[in-house]
$ cat model_13.tsv   # TSV, C-alpha atoms
chain	number	residue	atom	x	y	z
A	29	MET	CA	-24.60	8.42	-13.22
A	30	LYS	CA	-22.43	11.23	-14.57
A	31	ASN	CA	-19.57	8.79	-15.17
A	32	HIS	CA	-21.80	6.49	-17.17
A	33	ILE	CA	-23.10	9.37	-19.28
A	34	ILE	CA	-19.51	10.20	-20.21
A	35	LEU	CA	-18.83	6.59	-21.07
A	36	PHE	CA	-21.93	6.13	-23.18
A	37	ALA	CA	-21.15	9.35	-25.05
A	38	LEU	CA	-17.75	7.96	-25.94
A	39	LEU	CA	-19.22	4.61	-26.85
A	40	PHE	CA	-21.67	6.39	-29.14
A	41	LEU	CA	-18.70	7.82	-31.02
A	42	VAL	CA	-17.53	4.29	-31.63
A	43	SER	CA	-20.90	3.26	-33.05
A	44	CYS	CA	-20.99	6.28	-35.34
A	45	ASN	CA	-17.48	5.83	-36.67
A	46	LYS	CA	-17.42	2.85	-39.02
A	47	GLN	CA	-14.06	3.47	-40.59
A	48	GLN	CA	-11.33	1.03	-39.61
A	49	SER	CA	-8.72	3.77	-39.85
A	50	ASN	CA	-10.46	5.74	-37.08
A	51	PHE	CA	-11.48	2.87	-34.84
A	52	GLN	CA	-8.25	2.70	-32.89
A	53	ASN	CA	-8.53	6.35	-31.89
A	54	ASP	CA	-12.10	5.78	-30.70
A	55	PHE	CA	-11.04	2.70	-28.73
A	56	GLU	CA	-8.23	4.62	-27.04
A	57	ALA	CA	-10.67	7.40	-26.10
A	58	VAL	CA	-13.01	4.89	-24.45
A	59	LYS	CA	-10.11	3.14	-22.71
A	60	ASP	CA	-8.70	6.41	-21.39
A	61	SER	CA	-12.10	7.37	-20.03
A	62	LEU	CA	-12.50	4.02	-18.27
A	63	LYS	CA	-9.04	4.32	-16.79
A	64	THR	CA	-9.74	7.83	-15.51
A	65	ILE	CA	-12.95	6.72	-13.82
A	66	TYR	CA	-12.11	3.23	-12.58
A	67	ALA	CA	-8.31	3.11	-12.29
A	68	PRO	CA	-6.87	6.60	-11.81
A	69	ASP	CA	-4.11	5.17	-9.60
A	70	THR	CA	-2.57	2.04	-11.10
A	71	ARG	CA	-0.66	1.42	-7.89
A	72	VAL	CA	-3.93	0.18	-6.39
A	73	GLU	CA	-5.83	-1.01	-9.50
A	74	VAL	CA	-4.71	-3.11	-12.45
A	75	PHE	CA	-5.78	-1.67	-15.81
A	76	ASP	CA	-3.87	-3.02	-18.78
A	77	ILE	CA	-6.06	-3.25	-21.89
A	78	LYS	CA	-4.92	-2.93	-25.47
A	79	LEU	CA	-6.18	-3.24	-29.02
A	80	GLU	CA	-4.29	-4.96	-31.81
A	81	LYS	CA	-5.29	-5.07	-35.48
A	82	LYS	CA	-4.34	-7.61	-38.13
A	83	ASP	CA	-6.18	-7.47	-41.43
A	84	LYS	CA	-9.87	-7.62	-40.46
A	85	THR	CA	-9.31	-9.07	-36.99
A	86	LEU	CA	-9.39	-6.86	-33.92
A	87	SER	CA	-7.98	-8.29	-30.68
A	88	VAL	CA	-9.00	-6.63	-27.42
A	89	THR	CA	-6.86	-8.14	-24.67
A	90	GLY	CA	-5.65	-7.33	-21.18
A	91	GLU	CA	-6.46	-7.55	-17.52
A	92	THR	CA	-8.05	-5.49	-14.77
A	93	THR	CA	-9.06	-5.75	-11.13
A	94	ASN	CA	-12.33	-3.91	-11.75
A	95	ALA	CA	-15.37	-5.93	-12.77
A	96	ASP	CA	-17.16	-2.79	-14.02
A	97	VAL	CA	-14.48	-2.32	-16.67
A	98	VAL	CA	-15.00	-5.86	-17.96
A	99	SER	CA	-18.77	-5.40	-17.91
A	100	ILE	CA	-18.68	-2.15	-19.88
A	101	PHE	CA	-16.40	-3.56	-22.55
A	102	ASN	CA	-18.47	-6.74	-22.72
A	103	ASP	CA	-21.94	-5.22	-22.72
A	104	GLN	CA	-21.38	-1.98	-24.56
A	105	LEU	CA	-18.24	-1.80	-26.67
A	106	THR	CA	-18.27	-5.20	-28.36
A	107	PRO	CA	-21.92	-5.08	-29.59
A	108	LEU	CA	-21.32	-1.64	-31.05
A	109	ILE	CA	-18.24	-2.83	-32.90
A	110	ASP	CA	-20.10	-5.88	-34.21
A	111	LYS	CA	-22.75	-3.62	-35.79
A	112	THR	CA	-20.20	-2.30	-38.25
A	113	GLY	CA	-19.90	-5.75	-39.77
A	114	ALA	CA	-16.41	-4.83	-40.87
A	115	PHE	CA	-14.29	-6.70	-38.36
A	116	HIS	CA	-13.89	-10.01	-36.61
A	117	ILE	CA	-13.62	-9.47	-32.84
A	118	ASP	CA	-11.22	-11.47	-30.69
A	119	TYR	CA	-12.05	-10.29	-27.20
A	120	THR	CA	-10.37	-11.38	-23.93
A	121	ILE	CA	-10.10	-9.26	-20.79
A	122	ASP	CA	-8.93	-11.14	-17.71
A	123	LEU	CA	-10.57	-10.18	-14.41
A	124	LEU	CA	-8.15	-10.49	-11.50
A	125	PRO	CA	-7.81	-12.61	-9.47
A	126	ASN	CA	-7.69	-15.00	-12.41
A	127	LYS	CA	-7.70	-18.77	-12.78
A	128	SER	CA	-3.98	-19.07	-12.09
A	129	VAL	CA	-4.55	-18.63	-8.33
A	130	GLY	CA	-7.01	-21.51	-8.08
A	131	LYS	CA	-8.39	-21.70	-4.57
A	132	THR	CA	-5.36	-19.99	-3.03
A	133	LYS	CA	-6.62	-16.42	-3.34
A	134	TYR	CA	-4.71	-15.31	-0.27
A	135	ALA	CA	-1.17	-15.31	1.07
A	136	VAL	CA	0.25	-14.51	4.50
A	137	VAL	CA	3.74	-13.09	4.88
A	138	ASN	CA	5.96	-15.86	6.24
A	139	ASN	CA	9.31	-14.05	6.64
A	140	SER	CA	10.11	-11.16	8.97
A	141	VAL	CA	9.71	-8.89	5.94
A	142	ALA	CA	8.49	-9.74	2.44
A	143	ASN	CA	10.15	-7.68	-0.28
A	144	ILE	CA	7.52	-6.75	-2.85
A	145	ARG	CA	8.80	-5.75	-6.27
A	146	SER	CA	7.56	-3.78	-9.26
A	147	LYS	CA	8.06	-6.73	-11.63
A	148	PRO	CA	8.14	-10.53	-11.19
A	149	LYS	CA	11.89	-10.85	-10.83
A	150	HIS	CA	14.39	-10.49	-7.99
A	151	SER	CA	16.32	-7.75	-9.78
A	152	ALA	CA	13.26	-5.51	-10.09
A	153	GLU	CA	12.82	-2.30	-8.11
A	154	LEU	CA	11.64	-2.70	-4.52
A	155	ALA	CA	8.11	-1.28	-4.55
A	156	THR	CA	7.10	-1.88	-0.93
A	157	GLN	CA	7.34	-4.38	1.91
A	158	ALA	CA	4.93	-6.33	4.10
A	159	ILE	CA	5.61	-7.54	7.63
A	160	LEU	CA	5.36	-11.09	8.97
A	161	GLY	CA	1.71	-12.07	9.45
A	162	THR	CA	0.29	-9.56	6.96
A	163	VAL	CA	-2.58	-10.93	4.86
A	164	LEU	CA	-2.30	-10.33	1.11
A	165	ASN	CA	-4.79	-10.84	-1.71
A	166	VAL	CA	-3.34	-12.92	-4.54
A	167	LEU	CA	-4.32	-11.66	-8.00
A	168	LYS	CA	-2.35	-14.00	-10.25
A	169	ILE	CA	0.57	-16.43	-10.20
A	170	ASP	CA	3.44	-16.25	-12.66
A	171	GLY	CA	5.97	-18.98	-11.94
A	172	ASP	CA	7.65	-18.31	-8.60
A	173	PHE	CA	6.12	-14.84	-8.28
A	174	TYR	CA	2.67	-13.77	-7.15
A	175	LEU	CA	0.93	-10.52	-8.05
A	176	ILE	CA	-0.53	-9.44	-4.71
A	177	GLN	CA	-2.42	-6.58	-3.08
A	178	THR	CA	-1.49	-5.39	0.40
A	179	PRO	CA	-3.95	-4.10	3.05
A	180	ASP	CA	-3.17	-0.54	1.90
A	181	ARG	CA	-4.23	-1.75	-1.59
A	182	TYR	CA	-0.75	-1.51	-3.13
A	183	ILE	CA	-0.30	-3.96	-6.01
A	184	SER	CA	3.10	-5.50	-6.81
A	185	TRP	CA	4.97	-8.81	-7.02
A	186	VAL	CA	6.26	-11.03	-4.22
A	187	ASP	CA	8.36	-14.16	-4.59
A	188	HIS	CA	6.99	-17.46	-3.33
A	189	GLY	CA	9.62	-17.79	-0.61
A	190	GLY	CA	8.34	-14.79	1.34
A	191	VAL	CA	4.73	-15.86	1.78
A	192	LYS	CA	2.45	-18.82	2.43
A	193	LEU	CA	-0.45	-19.32	0.01
A	194	MET	CA	-3.82	-20.03	1.64
A	195	THR	CA	-7.35	-20.96	0.69
A	196	ALA	CA	-10.29	-19.07	2.20
A	197	ALA	CA	-10.70	-21.82	4.82
A	198	GLU	CA	-7.01	-21.77	5.73
A	199	LEU	CA	-7.04	-17.99	5.96
A	200	ASN	CA	-10.05	-18.11	8.26
A	201	THR	CA	-8.17	-20.49	10.56
A	202	TRP	CA	-5.20	-18.11	10.57
A	203	GLN	CA	-7.24	-14.97	11.15
A	204	THR	CA	-9.38	-16.40	13.95
A	205	ALA	CA	-6.40	-17.72	15.89
A	206	PRO	CA	-5.21	-15.54	18.79
A	207	LYS	CA	-2.11	-13.51	17.89
A	208	ILE	CA	0.84	-11.75	19.40
A	209	ILE	CA	2.31	-8.56	17.97
A	210	TYR	CA	6.03	-7.91	18.21
A	211	THR	CA	6.76	-4.54	19.85
A	212	GLN	CA	10.54	-4.27	19.66
A	213	THR	CA	12.30	-2.74	16.68
A	214	PHE	CA	14.22	-5.96	16.02
A	215	GLY	CA	14.63	-9.39	17.57
A	216	HIS	CA	14.29	-13.15	17.10
A	217	ALA	CA	12.07	-16.15	17.64
A	218	TYR	CA	13.84	-19.20	19.06
A	219	ALA	CA	13.46	-22.96	18.72
A	220	SER	CA	12.89	-23.41	22.46
A	221	LYS	CA	12.32	-21.45	25.67
A	222	ASN	CA	15.90	-20.30	25.74
A	223	ALA	CA	17.49	-17.20	24.24
A	224	ASN	CA	20.57	-19.31	23.47
A	225	ALA	CA	18.52	-21.79	21.44
A	226	PRO	CA	18.75	-21.93	17.63
A	227	ILE	CA	17.03	-19.04	15.87
A	228	VAL	CA	13.83	-19.75	13.96
A	229	SER	CA	13.75	-16.32	12.33
A	230	ASP	CA	14.39	-12.65	12.89
A	231	LEU	CA	11.49	-10.35	13.78
A	232	VAL	CA	10.66	-6.70	13.20
A	233	LEU	CA	8.27	-4.24	14.83
A	234	GLY	CA	4.63	-5.05	14.07
A	235	ALA	CA	5.10	-8.71	13.19
A	236	GLN	CA	2.18	-10.99	14.07
A	237	LEU	CA	2.24	-14.69	14.83
A	238	ALA	CA	-0.40	-17.15	16.02
A	239	LEU	CA	-0.31	-17.71	19.76
A	240	LEU	CA	-0.15	-21.38	20.76
A	241	GLU	CA	0.77	-21.14	24.43
A	242	THR	CA	1.59	-18.52	27.06
A	243	GLY	CA	4.44	-19.50	29.34
A	244	LYS	CA	6.17	-17.77	32.23
A	245	ASN	CA	8.76	-15.98	30.12
A	246	PHE	CA	7.97	-16.93	26.53
A	247	TYR	CA	5.11	-17.04	24.07
A	248	LYS	CA	4.93	-20.20	21.98
A	249	VAL	CA	3.92	-19.10	18.48
A	250	ALA	CA	3.18	-20.54	15.05
A	251	TYR	CA	4.17	-19.13	11.67
A	252	PRO	CA	1.86	-19.17	8.63
A	253	ASP	CA	3.75	-22.24	7.35
A	254	SER	CA	3.27	-23.98	10.74
A	255	ARG	CA	6.83	-23.52	12.00
A	256	VAL	CA	6.89	-23.13	15.77
A	257	GLY	CA	8.95	-20.63	17.73
A	258	TYR	CA	9.32	-18.99	21.12
A	259	ILE	CA	9.36	-15.23	21.73
A	260	ASN	CA	10.39	-13.46	24.92
A	261	LYS	CA	7.24	-12.09	26.57
A	262	LYS	CA	8.98	-8.78	27.22
A	263	GLU	CA	9.22	-8.26	23.46
A	264	ALA	CA	5.60	-8.85	22.43
A	265	VAL	CA	2.01	-8.46	23.58
A	266	ILE	CA	-1.30	-10.16	22.84
A	267	TYR	CA	-2.66	-8.46	19.71
A	268	ASN	CA	-6.23	-8.05	20.98
A	269	HIS	CA	-4.93	-6.43	24.17
A	270	TRP	CA	-2.66	-4.13	22.17
A	271	ILE	CA	-5.33	-2.94	19.76
A	272	LYS	CA	-7.83	-2.35	22.57
A	273	THR	CA	-5.42	-0.38	24.72
A	274	VAL	CA	-3.44	1.61	22.16
A	275	GLN	CA	-4.54	5.24	22.36
A	276	PRO	CA	-3.44	7.10	19.22
A	277	SER	CA	-2.15	10.57	20.02
A	278	GLY	CA	0.43	13.10	18.99
A	279	ASP	CA	2.65	12.00	21.86
A	280	LEU	CA	2.45	8.33	20.88
A	281	ILE	CA	3.15	9.26	17.26
A	282	GLU	CA	6.25	11.16	18.43
A	283	ASN	CA	7.46	8.39	20.74
A	284	THR	CA	7.05	5.77	18.03
A	285	ALA	CA	8.76	7.89	15.39
A	286	LYS	CA	11.77	8.65	17.59
A	287	ARG	CA	12.43	4.93	18.05
A	288	PHE	CA	13.59	4.87	14.43
A	289	VAL	CA	16.07	7.77	14.56
A	290	GLY	CA	19.21	6.72	12.69
A	291	SER	CA	17.49	3.88	10.82
A	292	PRO	CA	18.73	3.66	7.22
A	293	TYR	CA	16.77	5.00	4.28
A	294	LEU	CA	15.65	2.26	1.91
A	295	TRP	CA	13.65	2.98	-1.24
A	296	GLY	CA	10.50	0.84	-0.99
A	297	GLY	CA	11.13	-0.03	2.67
A	298	THR	CA	8.33	-0.04	5.23
A	299	SER	CA	10.00	-1.90	8.08
A	300	THR	CA	12.58	-1.33	10.78
A	301	LYS	CA	15.15	-2.95	8.48
A	302	GLY	CA	15.00	0.20	6.37
A	303	MET	CA	12.31	2.60	5.21
A	304	ASP	CA	11.66	5.36	2.75
A	305	CYS	CA	9.90	8.58	3.74
A	306	SER	CA	6.34	7.31	3.34
A	307	GLY	CA	7.26	3.85	4.59
A	308	PHE	CA	8.40	5.58	7.77
A	309	THR	CA	5.14	7.49	8.26
A	310	LYS	CA	3.16	4.37	7.38
A	311	THR	CA	5.03	2.30	9.99
A	312	VAL	CA	4.63	4.97	12.68
A	313	TYR	CA	0.88	5.15	12.09
A	314	LEU	CA	0.61	1.36	11.96
A	315	MET	CA	1.97	1.15	15.51
A	316	ASN	CA	-0.70	3.68	16.50
A	317	GLY	CA	-3.42	1.40	15.11
A	318	PHE	CA	-3.88	2.74	11.57
A	319	VAL	CA	-3.24	1.45	8.07
A	320	ILE	CA	-2.63	4.46	5.83
A	321	PRO	CA	-1.85	4.81	2.11
A	322	ARG	CA	1.58	3.66	0.97
A	323	ASP	CA	3.15	6.58	-0.92
A	324	ALA	CA	3.53	10.26	-0.07
A	325	SER	CA	1.59	11.17	-3.22
A	326	GLN	CA	-1.28	9.03	-1.90
A	327	GLN	CA	-0.99	10.10	1.74
A	328	ILE	CA	-1.45	13.76	0.75
A	329	ASN	CA	-4.95	12.89	-0.46
A	330	ALA	CA	-6.08	11.47	2.90
A	331	GLY	CA	-7.03	13.14	6.15
A	332	GLU	CA	-7.92	16.77	6.77
A	333	VAL	CA	-6.14	19.72	5.17
A	334	VAL	CA	-4.36	21.97	7.66
A	335	ASP	CA	-2.07	24.97	7.14
A	336	SER	CA	-3.55	25.84	3.75
A	337	ASN	CA	-1.57	29.10	3.81
A	338	LEU	CA	1.72	27.14	3.92
A	339	ALA	CA	2.87	29.16	6.92
A	340	PHE	CA	3.52	26.23	9.31
A	341	GLU	CA	0.59	27.47	11.39
A	342	ASN	CA	-2.21	25.62	13.22
A	343	LEU	CA	-0.20	22.39	13.07
A	344	GLN	CA	-0.48	19.71	15.73
A	345	LYS	CA	1.96	17.02	16.78
A	346	GLY	CA	1.48	14.03	14.50
A	347	ASP	CA	0.35	15.96	11.42
A	348	LEU	CA	1.97	14.88	8.16
A	349	LEU	CA	4.00	17.48	6.26
A	350	PHE	CA	4.37	17.12	2.50
A	351	PHE	CA	7.11	18.36	0.22
A	352	GLY	CA	7.87	18.35	-3.48
A	353	LYS	CA	7.44	20.47	-6.58
A	354	LYS	CA	4.75	23.12	-6.53
A	355	ALA	CA	2.35	23.49	-9.43
A	356	THR	CA	3.12	25.93	-12.22
A	357	ASP	CA	1.11	27.21	-15.18
A	358	SER	CA	2.25	24.20	-17.19
A	359	THR	CA	2.89	21.47	-14.60
A	360	LYS	CA	0.94	19.80	-11.80
A	361	GLN	CA	2.03	19.68	-8.17
A	362	ARG	CA	4.27	16.68	-7.49
A	363	THR	CA	4.51	15.25	-3.96
A	364	THR	CA	7.82	13.47	-3.38
A	365	HIS	CA	8.48	13.58	0.38
A	366	VAL	CA	6.65	13.39	3.71
A	367	GLY	CA	7.51	13.87	7.38
A	368	ILE	CA	5.81	14.13	10.78
A	369	TRP	CA	5.41	17.42	12.66
A	370	LEU	CA	6.68	17.17	16.26
A	371	GLY	CA	4.85	20.24	17.55
A	372	ASN	CA	7.63	21.57	19.79
A	373	ASP	CA	9.08	25.04	20.34
A	374	LYS	CA	11.98	24.13	18.04
A	375	ASN	CA	9.64	23.84	15.02
A	376	GLU	CA	10.91	20.34	14.31
A	377	PHE	CA	9.71	17.50	12.14
A	378	ILE	CA	10.96	13.93	11.80
A	379	HIS	CA	11.41	12.18	8.47
A	380	ALA	CA	13.37	9.54	6.58
A	381	ALA	CA	16.03	11.21	4.41
A	382	SER	CA	19.38	9.40	4.20
A	383	GLN	CA	18.30	8.03	7.57
A	384	VAL	CA	15.47	8.80	9.95
A	385	ARG	CA	16.34	12.22	11.33
A	386	ILE	CA	14.91	15.29	13.04
A	387	ASN	CA	15.09	18.66	11.31
A	388	SER	CA	13.70	22.12	11.90
A	389	ILE	CA	12.07	24.77	9.72
A	390	ASN	CA	13.63	27.47	11.94
A	391	PRO	CA	16.55	29.11	10.08
A	392	LYS	CA	18.34	29.71	13.40
A	393	ALA	CA	18.30	26.03	14.40
A	394	ASP	CA	21.38	23.85	14.04
A	395	ASN	CA	19.26	21.23	12.31
A	396	TYR	CA	17.56	23.71	9.94
A	397	ASP	CA	16.36	22.09	6.69
A	398	ALA	CA	16.18	24.87	4.12
A	399	PHE	CA	15.76	22.43	1.22
A	400	ASN	CA	12.52	20.93	2.50
A	401	LYS	CA	11.17	24.15	3.94
A	402	ASN	CA	11.42	25.75	0.50
A	403	ARG	CA	9.48	22.94	-1.15
A	404	TYR	CA	6.73	22.61	1.47
A	405	LEU	CA	3.34	21.74	-0.04
A	406	GLY	CA	1.11	21.66	3.04
A	407	ALA	CA	-0.02	19.34	5.82
A	408	ARG	CA	-2.70	16.78	6.57
A	409	ARG	CA	-4.19	15.68	9.89
A	410	TYR	CA	-5.01	11.99	10.34
A	411	LEU	CA	-5.66	11.75	14.08
A	412	GLY	CA	-9.34	12.12	14.93
A	413	VAL	CA	-10.35	12.25	11.26
A	414	GLU	CA	-12.76	9.84	9.58
A	415	ASP	CA	-11.48	8.96	6.11
A	416	ALA	CA	-11.99	5.92	3.89
A	417	MET	CA	-8.27	5.97	3.05
A	418	ILE	CA	-7.32	5.66	6.74
A	419	ILE	CA	-8.13	2.22	8.18
A	420	ASP	CA	-8.68	2.26	11.95
A	421	LEU	CA	-7.70	-1.19	13.22
A	422	LYS	CA	-9.85	-0.70	16.30
A	423	LYS	CA	-12.93	-0.51	14.09
A	424	ASP	CA	-12.02	-2.73	11.14
A	425	THR	CA	-11.28	-6.13	12.61
A	426	THR	CA	-10.92	-7.74	9.16
A	427	VAL	CA	-7.55	-6.01	8.67
A	428	LYS	CA	-4.70	-7.10	10.92
A	429	LEU	CA	-1.87	-5.06	9.44
$ encode --input "model_13.tsv" --output "structure tokens"
Amino acid sequence: MKNHIILFALLFLVSCNKQQSNFQNDFEAVKDSLKTIYAPDTRVEVFDIKLEKKDKTLSVTGETTNADVVSIFNDQLTPLIDKTGAFHIDYTIDLLPNKSVGKTKYAVVNNSVANIRSKPKHSAELATQAILGTVLNVLKIDGDFYLIQTPDRYISWVDHGGVKLMTAAELNTWQTAPKIIYTQTFGHAYASKNANAPIVSDLVLGAQLALLETGKNFYKVAYPDSRVGYINKKEAVIYNHWIKTVQPSGDLIENTAKRFVGSPYLWGGTSTKGMDCSGFTKTVYLMNGFVIPRDASQQINAGEVVDSNLAFENLQKGDLLFFGKKATDSTKQRTTHVGIWLGNDKNEFIHAASQVRINSINPKADNYDAFNKNRYLGARRYLGVEDAMIIDLKKDTTVKL
């Protein structure tokens, strides 16, 4: 209710101001308010709305993933503008997913790793990754690129070669099929029940494929595009068995994290092919049965605050440590790095920096990390904490990765 009061107050300003020279300022005020309320983080919401003026024609155009934004502009802003009688309104705000996706509102990652970019071109910055078998929501299609949203709600672009588009019916068939989950850091699927057979594709930790047949030594599996492969049974487990038996704990977090020591740092990476700091923590928690926010600046807003005194006290193994620039009188705090507390007598944490490595906050330790200790921002606890930003795969069966 409070949010709507703020909006209607701003909209009232529009109705009172009938001068064309002031209208743009009023529009921007309304737009900024809507963005603050409905799309404060544009990594997980699309909000791109603009106003253009030409003579007596006003064009309100753009796109958003939030139906409330469209409704407010439709039901409130446009009628108020029309009352002035001064302008012709050309009004088009596209609600995503839009018509370009047709019936294929979903996509499933079809390669070992899908590289998801900030813009619809191969040369664009790597924003994040998604692992084989991950279900994505398709928001719009632009040539060979799809604007998609991952299970952690991150929105970016993937090229058509990395995913398989699906209708709701096709997705239901995929999701209801029994699955295997790959449990090795890296490996392959083969064209037959023989490790010397031709390779169908490479595989990374966490990959999921549909299970067609269980043999003595191999699982026969199907890809989203219906390719068939064989995976050594020692390298994978039945997904339903895995999710039922995985017991998230500080020790499991530590064991999982240490499997990646020495793995290369990759900006935007979230897989065992390479990972950035938050991609590392995200992958570790995924293999403990949780989908967590993508970036460090998002992860710091989830879970339970611990060590509010910034003294590295009352921490438990598995807690996330955050680093960056502390707030000043003129600037906000900026979170730029994250690691995992190991809870040992060496005061160590593990993180992805140059490569996945273990450092200590103890000045006497050989692996002392003075740089990060001096920019420590606090810690958050995820294990045993109920939080809407932390998806527990044991409880939410609609999310597979």
$ closest_residue --input "model_13.tsv" --among "A:Tyr267, A:Gln157, A:Ile259, A:Thr311" --to "Thr204 of chain A" --atoms "only C-alpha atoms"
A:Tyr267
$ residues_around --input "model_13.tsv" --residues "Leu237 of chain A" --least-positions-apart "4" --cutoff "7 Å" --atoms "all atoms listed in the file" --output "CSV table (one decimal) with C-alpha atoms, in the coordinates of the input"
chain,number,residue,atom,x,y,z
A,161,GLY,CA,1.7,-12.1,9.4
A,207,LYS,CA,-2.1,-13.5,17.9
A,208,ILE,CA,0.8,-11.8,19.4
A,209,ILE,CA,2.3,-8.6,18.0
A,249,VAL,CA,3.9,-19.1,18.5
A,250,ALA,CA,3.2,-20.5,15.0
A,251,TYR,CA,4.2,-19.1,11.7
$ closest_residue --input "model_13.tsv" --among "A:Ala196, A:Ile320, A:Val141, A:Ile183" --to "Phe214 of chain A" --atoms "all atoms listed in the file"
A:Val141
$ closest_atom_pairs --input "model_13.tsv" --of "segment 174-272 of chain A" --to "segment 321-339 of chain A" --cutoff "10 Å" --atoms "only C-alpha atoms" --output "JSON lines"
{"residue": "A:Thr178", "atom": "CA", "partner": "A:Arg322", "partner_atom": "CA", "distance": 9.6}
{"residue": "A:Pro179", "atom": "CA", "partner": "A:Pro321", "partner_atom": "CA", "distance": 9.2}
{"residue": "A:Asp180", "atom": "CA", "partner": "A:Pro321", "partner_atom": "CA", "distance": 5.5}
{"residue": "A:Arg181", "atom": "CA", "partner": "A:Pro321", "partner_atom": "CA", "distance": 7.9}
{"residue": "A:Tyr182", "atom": "CA", "partner": "A:Arg322", "partner_atom": "CA", "distance": 7.0}
$ residues_around --input "model_13.tsv" --residues "Asp76 of chain A" --least-positions-apart "4" --cutoff "8 Å" --atoms "all atoms listed in the file" --output "PyMOL selection string"
chain A and resi 90-92
$ closest_residue --input "model_13.tsv" --among "A:Ser184, A:Thr162, A:Asn268, A:Thr284" --to "Ala235 of chain A" --atoms "all atoms listed in the file"
A:Thr162
$ atom_distance --input "model_13.tsv" --atom1 "atom CA of Gly190 of chain A" --atom2 "atom CA of Val72 of chain A"
20.8 Å
$ closest_residue --input "model_13.tsv" --among "A:Met194, A:Val88, A:Trp202, A:Asn260" --to "Lys131 of chain A" --atoms "only C-alpha atoms"
A:Met194
$ residues_near_point --input "model_13.tsv" --point "(-0.8, 0.2, 21.3)" --cutoff "10 Å" --atoms "all atoms listed in the file" --output "MDAnalysis selection string"
chainID A and resid 209 211 265 267:276 280 314:317
$ closest_residue --input "model_13.tsv" --among "A:Thr363, A:Ser358, A:Ser229, A:Asn283" --to "Ile378 of chain A" --atoms "only C-alpha atoms"
A:Asn283
$ residues_around --input "model_13.tsv" --residues "Asn165 of chain A" --least-positions-apart "6" --cutoff "8 Å" --atoms "all atoms listed in the file" --output "list in words"
Lys133, Tyr134, Ala135, Ile176, Gln177 and Thr178 of chain A
$ closest_residue --input "model_13.tsv" --among "A:Leu421, A:Met303, A:Ile266, A:Leu240" --to "Ser254 of chain A" --atoms "all atoms listed in the file"
A:Leu240
$ atom_distance --input "model_13.tsv" --atom1 "atom CA of Thr93 of chain A" --atom2 "atom CA of Ala416 of chain A"
19.2 Å
$ atom_distance --input "model_13.tsv" --atom1 "atom CA of Gly257 of chain A" --atom2 "atom CA of Ser220 of chain A"
6.8 Å
$ residues_around --input "model_13.tsv" --residues "Val232 of chain A" --least-positions-apart "4" --cutoff "10 Å" --atoms "all atoms listed in the file" --output "JSON, numbers by chain"
{"A": [139, 140, 141, 159, 160, 209, 210, 211, 212, 213, 214, 215, 216, 236, 299, 300, 301]}
$ residues_near_point --input "model_13.tsv" --point "(1.0, 13.4, 13.6)" --cutoff "10 Å" --atoms "only C-alpha atoms" --output "list in words"
Pro276, Ser277, Gly278, Asp279, Leu280, Ile281, Glu282, Ala285, Thr309, Val312, Tyr313, Leu343, Gln344, Lys345, Gly346, Asp347, Leu348, Leu349, Gly367, Ile368, Trp369, Leu370, Gly371, Phe377, Ala407, Arg408, Arg409, Tyr410 and Leu411 of chain A
$ residues_around --input "model_13.tsv" --residues "Ser128 of chain A" --least-positions-apart "4" --cutoff "10 Å" --atoms "all atoms listed in the file" --output "VMD selection string"
chain A and resid 124 132 to 133 166 to 171 174
$ build_atoms --input "model_13.tsv" --residues "segment 333-342 of chain A" --atoms "N, CA and C atoms" --output "mmCIF file, keeping the file's coordinate frame"
data_model
loop_
_atom_site.group_PDB
_atom_site.id
_atom_site.type_symbol
_atom_site.label_atom_id
_atom_site.label_comp_id
_atom_site.auth_asym_id
_atom_site.auth_seq_id
_atom_site.Cartn_x
_atom_site.Cartn_y
_atom_site.Cartn_z
ATOM 1 N N VAL A 333 -7.109 18.692 5.532
ATOM 2 C CA VAL A 333 -6.140 19.720 5.170
ATOM 3 C C VAL A 333 -5.947 20.694 6.328
ATOM 4 N N VAL A 334 -4.688 20.938 6.666
ATOM 5 C CA VAL A 334 -4.360 21.970 7.660
ATOM 6 C C VAL A 334 -3.239 22.822 7.086
ATOM 7 N N ASP A 335 -3.123 24.037 7.593
ATOM 8 C CA ASP A 335 -2.070 24.970 7.140
ATOM 9 C C ASP A 335 -2.166 25.233 5.641
ATOM 10 N N SER A 336 -3.351 25.584 5.177
ATOM 11 C CA SER A 336 -3.550 25.840 3.750
ATOM 12 C C SER A 336 -2.770 27.057 3.265
ATOM 13 N N ASN A 337 -2.358 27.918 4.186
ATOM 14 C CA ASN A 337 -1.570 29.100 3.810
ATOM 15 C C ASN A 337 -0.071 28.806 3.706
ATOM 16 N N LEU A 338 0.313 27.573 3.999
ATOM 17 C CA LEU A 338 1.720 27.140 3.920
ATOM 18 C C LEU A 338 2.626 27.996 4.804
ATOM 19 N N ALA A 339 2.121 28.303 5.998
ATOM 20 C CA ALA A 339 2.870 29.160 6.920
ATOM 21 C C ALA A 339 3.334 28.396 8.158
ATOM 22 N N PHE A 340 3.195 27.073 8.155
ATOM 23 C CA PHE A 340 3.520 26.230 9.310
ATOM 24 C C PHE A 340 2.746 26.700 10.541
ATOM 25 N N GLU A 341 1.463 26.997 10.327
ATOM 26 C CA GLU A 341 0.590 27.470 11.390
ATOM 27 C C GLU A 341 -0.542 26.465 11.618
ATOM 28 N N ASN A 342 -1.074 26.474 12.842
ATOM 29 C CA ASN A 342 -2.210 25.620 13.220
ATOM 30 C C ASN A 342 -1.885 24.133 13.053
#
